[in-house]
Structure formats: C-alpha cells, structure tokens
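I have placed the structure first, in the form of structure tokens, so that the comments after it can refer back to it.
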4 protein chains.
Amino acid sequence: MPLVVSQMADAHPGPRPAFDDALNECIEECVACFQACVACADACMAEPDIASLVKCMQTDLNCSDVCAATASVLSRRTSADLTVLREAVETCLASCAACAEECELHAAHHEHCRVCAEVCRRCEQACRRLLAALPASG
Amino acid sequence: MPLVVSQMADAHPGPRPAFDDALNECIEECVACFQACVACADACMAEPDIASLVKCMQTDLNCSDVCAATASVLSRRTSADLTVLREAVETCLASCAACAEECELHAAHHEHCRVCAEVCRRCEQACRRLLAALPASG
Amino acid sequence: MPLVVSQMADAHPGPRPAFDDALNECIEECVACFQACVACADACMAEPDIASLVKCMQTDLNCSDVCAATASVLSRRTSADLTVLREAVETCLASCAACAEECELHAAHHEHCRVCAEVCRRCEQACRRLLAALPASG
Amino acid sequence: MPLVVSQMADAHPGPRPAFDDALNECIEECVACFQACVACADACMAEPDIASLVKCMQTDLNCSDVCAATASVLSRRTSADLTVLREAVETCLASCAACAEECELHAAHHEHCRVCAEVCRRCEQACRRLLAALPASG
C-alpha cells in the first residue's frame, strides 16, 4: 500500500501525542476521501443524468478541497495549534457528512456514488474519533 | 488588478444571495492570504534566525492551505450548503487569527511577517463579517 | 487591492532574481486564474445547458488545481530549483491555453466563460513572459 | 487500505483508456507522495539542524503541492486533454526527482527523509511508466 502516514509519524523527532493513532487514521481517510471525491465529481460529469447530479458534484468538490487541506494540517505535528486543528476536523466532518448524504441518494444507480459515500462515511467517523481523542481545552 | 471575484459572481446564472458582498470580499481576502502565507513561510526559511521561526512557518503553511480551500468552497454558489460554508469560514477565521498572532511577534524584525500579519487580520475580519451576514440557521 | 505579491517579494531576505517582475506578475495571474476557474466551473453547473459544458467544467477544474499549485511553487524563492520551476510554468501555460480555448467556445453565450477565458489568456501570457525571462539552463 | 483509486476508475461510466493501470498506479503514488512530503517538511522543522534542511523543506513543499494537483488532474478521465495530462506528469516527475535527490542527502541521519525519498522515487517511477504508456501524440 502506497500510504506511509504512520511511518512518517514514527520518524518525527518530536514527542508522540496521546491521540496519535486517531490522528494517523484520520489523515489516511482524508487522503483517500480527497481522491475519491475528485473521481466521483468526474464520473458524475460522464453520466447521462448529469443535470440531476449537480448537488452531488458540488459536495464532491467541496469535500475534496476540505479533505486535502485537512490532511495537510493534521500532518503538521510540530507546534500544532489545537484550536485550529479542532476547527479543521469539524469542517472536514461536516463536509464528509454532507457529501455522504448526497452521494447516498444516488448510490443505487451509480456505483461511484456508492463507493464515494462509503469513503466519506469512513472519513466522517475518523474525524469523530479524532475529536473525541483530542484534549478538552484548545 | 488581476482578481475577478465580483465579475464572476455577477456572471453566475443563479440567484444572488443576500450576503453576496461579504462573500466576495471574503473570497478576495482568502486568495490574497493564501499567497501571502506561502511567501511568508518561504521568507522565514531564508532568515538567519530560522530556528526561532518554526511556529511561524507552521501557522503560515496551515493558513495557506485553509485559505485556498476556503476560497474554493466560497466560490461554489450553486447548491451551497450553509452548514459546510459556516464551518469552513470558522476554520479560516481561526487559522488567520493564529497566523496573525504568531506573525505579529516577529513583525518588528521581519517585514514579511508584518505584511503577512496584516493580510491575515484582514482575512479574519472578512470571515467575521461573512459569518455575521449569513442567515441564522444552517 | 488585496494581493500583496510584490510587497512579500520585496520583504524576502534573499537576493532578487533578474526575472523578479515576470515572476511576481505570473504569481498574480495564477492566483486570479485559480479563483476564476473554480467560479466558472460552478457557474457552468447552474446553466440549463450543463450537458454541453462538461469539457468546460473539466478544463476549469484542472486549470484551477494547476494554477494554485503553480502560484505556491513560484512563491517559494529560497533554494528555487529552475528545472522544477520551468516545468511547473509550462504545465500552467498548457492548462491555461486549454481552458481558454474551451471557454472561448462558450463566451458568446456565457459571460462567466468570457471572463474566465480572458483571465486564462492573461495567465498564459504571463507564463510565456516568465519562461522567456528565465535563464537558459535549468 | 483506505485508497479507492481503482474502484473509482472501475465505476466510471466512460470508456477505459489503454493506459488505465499506469494511470491508477500513478494517482496512488501521487496521493501518498503528497502526504509524505507535507510530513517530511514538518519533521524537518522539528530537527535541531533545521538550518541545514532548508532546501529539503522547500523541495518537500513544492513536491506536495505538485503531487496533489497531479492526483486531481489524473483523476479527471472525462474529456481528458492528453497535452495537459502529459505536461502535468512531467512536472510531477521533475518535482519528485528533485525532492528525492535532496532527501537522499539526509537519509542517513533522518528516517523521515529516507522514507520520503523512497516514496518520491516510487512516484517518479510511476510518472515515468505513465508517460511511456500514453499515446504518442497529444
């Protein structure tokens, strides 16, 4: 598997945060969701019923941009600011939930929406677990 | 001036939202802040006191990623999801505030930090005005 | 105007490259083109003839991703690698030319395509001038 | 494994290009390299010898931006423009080669540079294979 999230985390010279496993898992899901959402928006554009997929393409594109930015922010452990980190994960959770909800409406007709919804739900859950693992005060 | 944010908004076929001016202004500031933060992180790397600028480079890089993603999300007016939009603007506000606060510590010694802090504060204010202009319920 | 590209360049502690004006201008156009292309793809999704705008949305999205990455690469002056810089500008030039060509086909019917094509052509020209200003060997 | 690149490709309604396997593999490596390079730049910032890692952080950041944009461009199969696609892959190849070369200089002392160099070389090879698989004329 090409992703090296945990190897890079293990090689970081700084102290290991208590929420390290939740952090790494969330980065992996963000990275996968970023790509899946770009691909789903693209597949929607090739469907004959494109006009009924406008909201789907929009939530896909928003979710891909947010997931990529969140993956980057979470990958920066040195001097991490917990307030910004928590806000970023909350935005990611909201984007993934919105995209999953929309993609699920088309999952029965479009396999790309079914797979994308699944990846968004996994990323949403990873965001939820990371938020639960973060220390209480920012 | 190269930015065409309001021309593109005027050319959009959909209805004009009530918060249109606040939205356009916020996009413009996000786009400027994205570039300024990339440039500030880069200038920090060329400073002799780079070791004292680690937190500054980190907040710069986070702020640039978040501002670019926010500019994209705000530029998607068709089927805009107010919950995701509000979350994205809140994350952007938090990133800009964190970056401004850190850059201000170095503003007396580094002109790039002074300019970057100013741009971050402008973007933070634009986020605040947009949040105030958004309708109450998501 | 919100962009601070040349202020940030002036504040950089390193030596000024001979191609500095062409570099700054290209960064400004990349940043404007990144936003215009996101907005044009979005406006296309709100058009009744969306099915005839698929290629347009695709070139818009590619061009926005490439312009944002190019703006970042060009904003990193410290230890800049001329081979990578030249490749990045060539990709940006190709993306802008492809997007302008496609948007021009719809410019008579869609004002957002007309404005976007104009911004892409400006960015294409800025890329061309930067390539001409770069030293011969990478 | 979280990545769903080939599932999304299989679910796309359009025709399968002849270079499909090389395309999917290249997307996977770009996505992994995007994250590894963000993480390596961050780990460099936490090292005591940060001043000797400036070029490394710079090539890391350029490579992460280029790999993310390339992953997005390659994930858009509908109406793909072979000229833009080829240019994008060539820029990615150059960025990965430059980053690998720099990271390899620090691989003996920093495990994050060793892992990052490996991922960059894998992505470079995937770019090379994709270029070889693309049809001759753009």
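So you can find residues: chains in the structure tokens are A, B, ... in the order shown, residues in each start at 1, and ligands are numbered from 1 in order.
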Please identify all residues of chain B having at least one atom at most 7 Å from any atom of chain C, considering only C-alpha atoms, and return them as a tab-separated table (two decimals) with C-alpha atoms, in the first residue's frame.
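Saved as selection.tsv:
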```tsv
chain	number	residue	atom	x	y	z
B	1	MET	CA	-5.96	44.27	-10.68
B	2	PRO	CA	-5.99	40.64	-11.69
B	3	LEU	CA	-8.72	39.28	-9.34
B	4	VAL	CA	-12.15	38.88	-10.98
B	5	VAL	CA	-14.18	37.65	-8.00
B	8	MET	CA	-17.52	36.05	-11.87
B	11	ALA	CA	-21.96	36.40	-14.30
B	12	HIS	CA	-23.33	33.47	-12.28
B	13	PRO	CA	-26.76	32.38	-13.62
B	14	GLY	CA	-28.21	31.60	-10.17
B	28	GLU	CA	-10.69	38.05	-2.24
B	29	GLU	CA	-9.06	38.11	1.19
B	31	VAL	CA	-6.98	34.30	-2.07
B	32	ALA	CA	-4.57	37.07	-1.01
B	35	GLN	CA	-0.41	33.58	-1.35
B	36	ALA	CA	0.96	35.80	1.43
B	38	VAL	CA	3.12	30.69	1.29
B	39	ALA	CA	5.50	33.61	0.69
B	42	ASP	CA	9.36	30.84	2.35
B	43	ALA	CA	10.90	34.13	3.53
B	46	ALA	CA	15.77	32.38	4.26
B	47	GLU	CA	16.20	34.19	7.61
B	72	SER	CA	-12.75	27.35	-3.43
B	75	SER	CA	-16.63	30.31	-4.86
B	76	ARG	CA	-19.14	27.44	-5.28
B	77	ARG	CA	-22.52	29.21	-5.07
B	78	THR	CA	-24.65	26.62	-6.82
B	111	GLU	CA	8.78	42.96	7.19
B	112	HIS	CA	7.33	39.77	5.58
```
Shell around Ser95 of chain D at 10 Å using only C-alpha atoms, local window under 4 positions removed, as an NGL selection string: (:C and (81 or 83-85 or 87-88)) or (:D and (59-67 or 89-91 or 99-101 or 120 or 123-124))
Mind the document's chain letters and residue numbers, and return as an NGL selection string the residues of chain D that DSSP labels alpha helix (DSSP H). :D and (5-10 or 20-45 or 54-75 or 82-106 or 111-133)
Next, the residues of the selection above should be written as a compact mmCIF listing (two decimals), in the first residue's frame with C-alpha atoms.
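Now in selection-v7.txt:
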```
# COMPACT_ATOMS: atom_id res chain seq x y z
CA VAL D 5 -8.42 4.68 -6.81
CA SER D 6 -9.10 1.55 -8.88
CA GLN D 7 -12.65 1.04 -7.53
CA MET D 8 -13.49 4.61 -8.59
CA ALA D 9 -11.87 4.02 -12.01
CA ASP D 10 -13.90 0.80 -12.49
CA ASP D 20 -5.57 2.65 -17.22
CA ASP D 21 -3.33 0.59 -14.92
CA ALA D 22 -0.42 3.04 -15.24
CA LEU D 23 -2.84 5.90 -14.59
CA ASN D 24 -4.29 4.37 -11.40
CA GLU D 25 -0.88 3.46 -10.05
CA CYS D 26 0.39 6.98 -10.69
CA ILE D 27 -2.61 8.50 -8.87
CA GLU D 28 -1.95 6.25 -5.84
CA GLU D 29 1.72 7.24 -5.71
CA CYS D 30 0.91 10.95 -6.13
CA VAL D 31 -1.53 10.82 -3.24
CA ALA D 32 0.98 9.03 -1.00
CA CYS D 33 3.78 11.41 -2.01
CA PHE D 34 1.61 14.48 -1.35
CA GLN D 35 1.16 13.37 2.28
CA ALA D 36 4.73 12.12 2.81
CA CYS D 37 6.19 15.43 1.60
CA VAL D 38 3.98 17.52 3.91
CA ALA D 39 5.02 15.28 6.80
CA CYS D 40 8.73 15.40 5.89
CA ALA D 41 8.77 19.21 5.74
CA ASP D 42 7.09 19.23 9.14
CA ALA D 43 9.54 16.74 10.66
CA CYS D 44 12.46 18.79 9.28
CA MET D 45 11.12 21.80 11.20
CA VAL D 54 16.07 24.49 4.17
CA LYS D 55 16.40 23.13 0.66
CA CYS D 56 14.82 19.87 1.83
CA MET D 57 11.74 21.63 3.26
CA GLN D 58 11.43 23.66 0.06
CA THR D 59 11.55 20.67 -2.28
CA ASP D 60 9.16 18.84 0.06
CA LEU D 61 6.61 21.66 -0.07
CA ASN D 62 6.87 22.06 -3.84
CA CYS D 63 6.56 18.31 -4.33
CA SER D 64 3.49 18.06 -2.06
CA ASP D 65 1.68 20.86 -3.95
CA VAL D 66 2.55 19.41 -7.36
CA CYS D 67 1.61 15.82 -6.37
CA ALA D 68 -1.79 16.90 -5.01
CA ALA D 69 -2.59 18.85 -8.19
CA THR D 70 -1.37 15.97 -10.38
CA ALA D 71 -3.50 13.44 -8.47
CA SER D 72 -6.55 15.62 -9.17
CA VAL D 73 -5.76 16.15 -12.86
CA LEU D 74 -5.14 12.41 -13.38
CA SER D 75 -8.39 11.53 -11.58
CA LEU D 82 -3.56 14.47 -23.26
CA THR D 83 -1.34 17.55 -23.71
CA VAL D 84 -2.18 18.88 -20.27
CA LEU D 85 -2.01 15.41 -18.75
CA ARG D 86 1.46 14.79 -20.18
CA GLU D 87 2.73 18.20 -19.01
CA ALA D 88 1.33 17.61 -15.53
CA VAL D 89 3.03 14.20 -15.26
CA GLU D 90 6.34 15.66 -16.46
CA THR D 91 6.19 18.38 -13.79
CA CYS D 92 5.36 15.77 -11.17
CA LEU D 93 8.27 13.59 -12.31
CA ALA D 94 10.66 16.57 -12.06
CA SER D 95 9.38 17.58 -8.60
CA CYS D 96 9.65 14.03 -7.27
CA ALA D 97 13.15 13.59 -8.68
CA ALA D 98 14.32 16.90 -7.15
CA CYS D 99 12.79 16.05 -3.77
CA ALA D 100 14.17 12.50 -3.75
CA GLU D 101 17.65 13.76 -4.63
CA GLU D 102 17.59 16.27 -1.77
CA CYS D 103 16.03 13.90 0.79
CA GLU D 104 18.60 11.22 -0.05
CA LEU D 105 21.35 13.58 1.17
CA HIS D 106 19.78 13.46 4.65
CA GLU D 111 14.47 8.46 8.87
CA HIS D 112 11.69 10.80 7.63
CA CYS D 113 13.95 11.89 4.77
CA ARG D 114 14.75 8.24 3.98
CA VAL D 115 11.07 7.24 3.81
CA CYS D 116 10.15 10.41 1.90
CA ALA D 117 12.93 9.83 -0.67
CA GLU D 118 11.64 6.30 -1.21
CA VAL D 119 8.07 7.49 -1.79
CA CYS D 120 9.30 10.22 -4.17
CA ARG D 121 11.31 7.68 -6.17
CA ARG D 122 8.28 5.38 -6.37
CA CYS D 123 6.14 8.29 -7.61
CA GLU D 124 8.84 9.33 -10.08
CA GLN D 125 8.88 5.77 -11.50
CA ALA D 126 5.08 5.71 -11.71
CA CYS D 127 5.19 9.01 -13.65
CA ARG D 128 7.79 7.52 -15.98
CA ARG D 129 5.67 4.42 -16.62
CA LEU D 130 2.57 6.53 -17.26
CA LEU D 131 4.43 8.75 -19.75
CA ALA D 132 5.62 5.59 -21.56
CA ALA D 133 2.06 4.25 -21.67
```
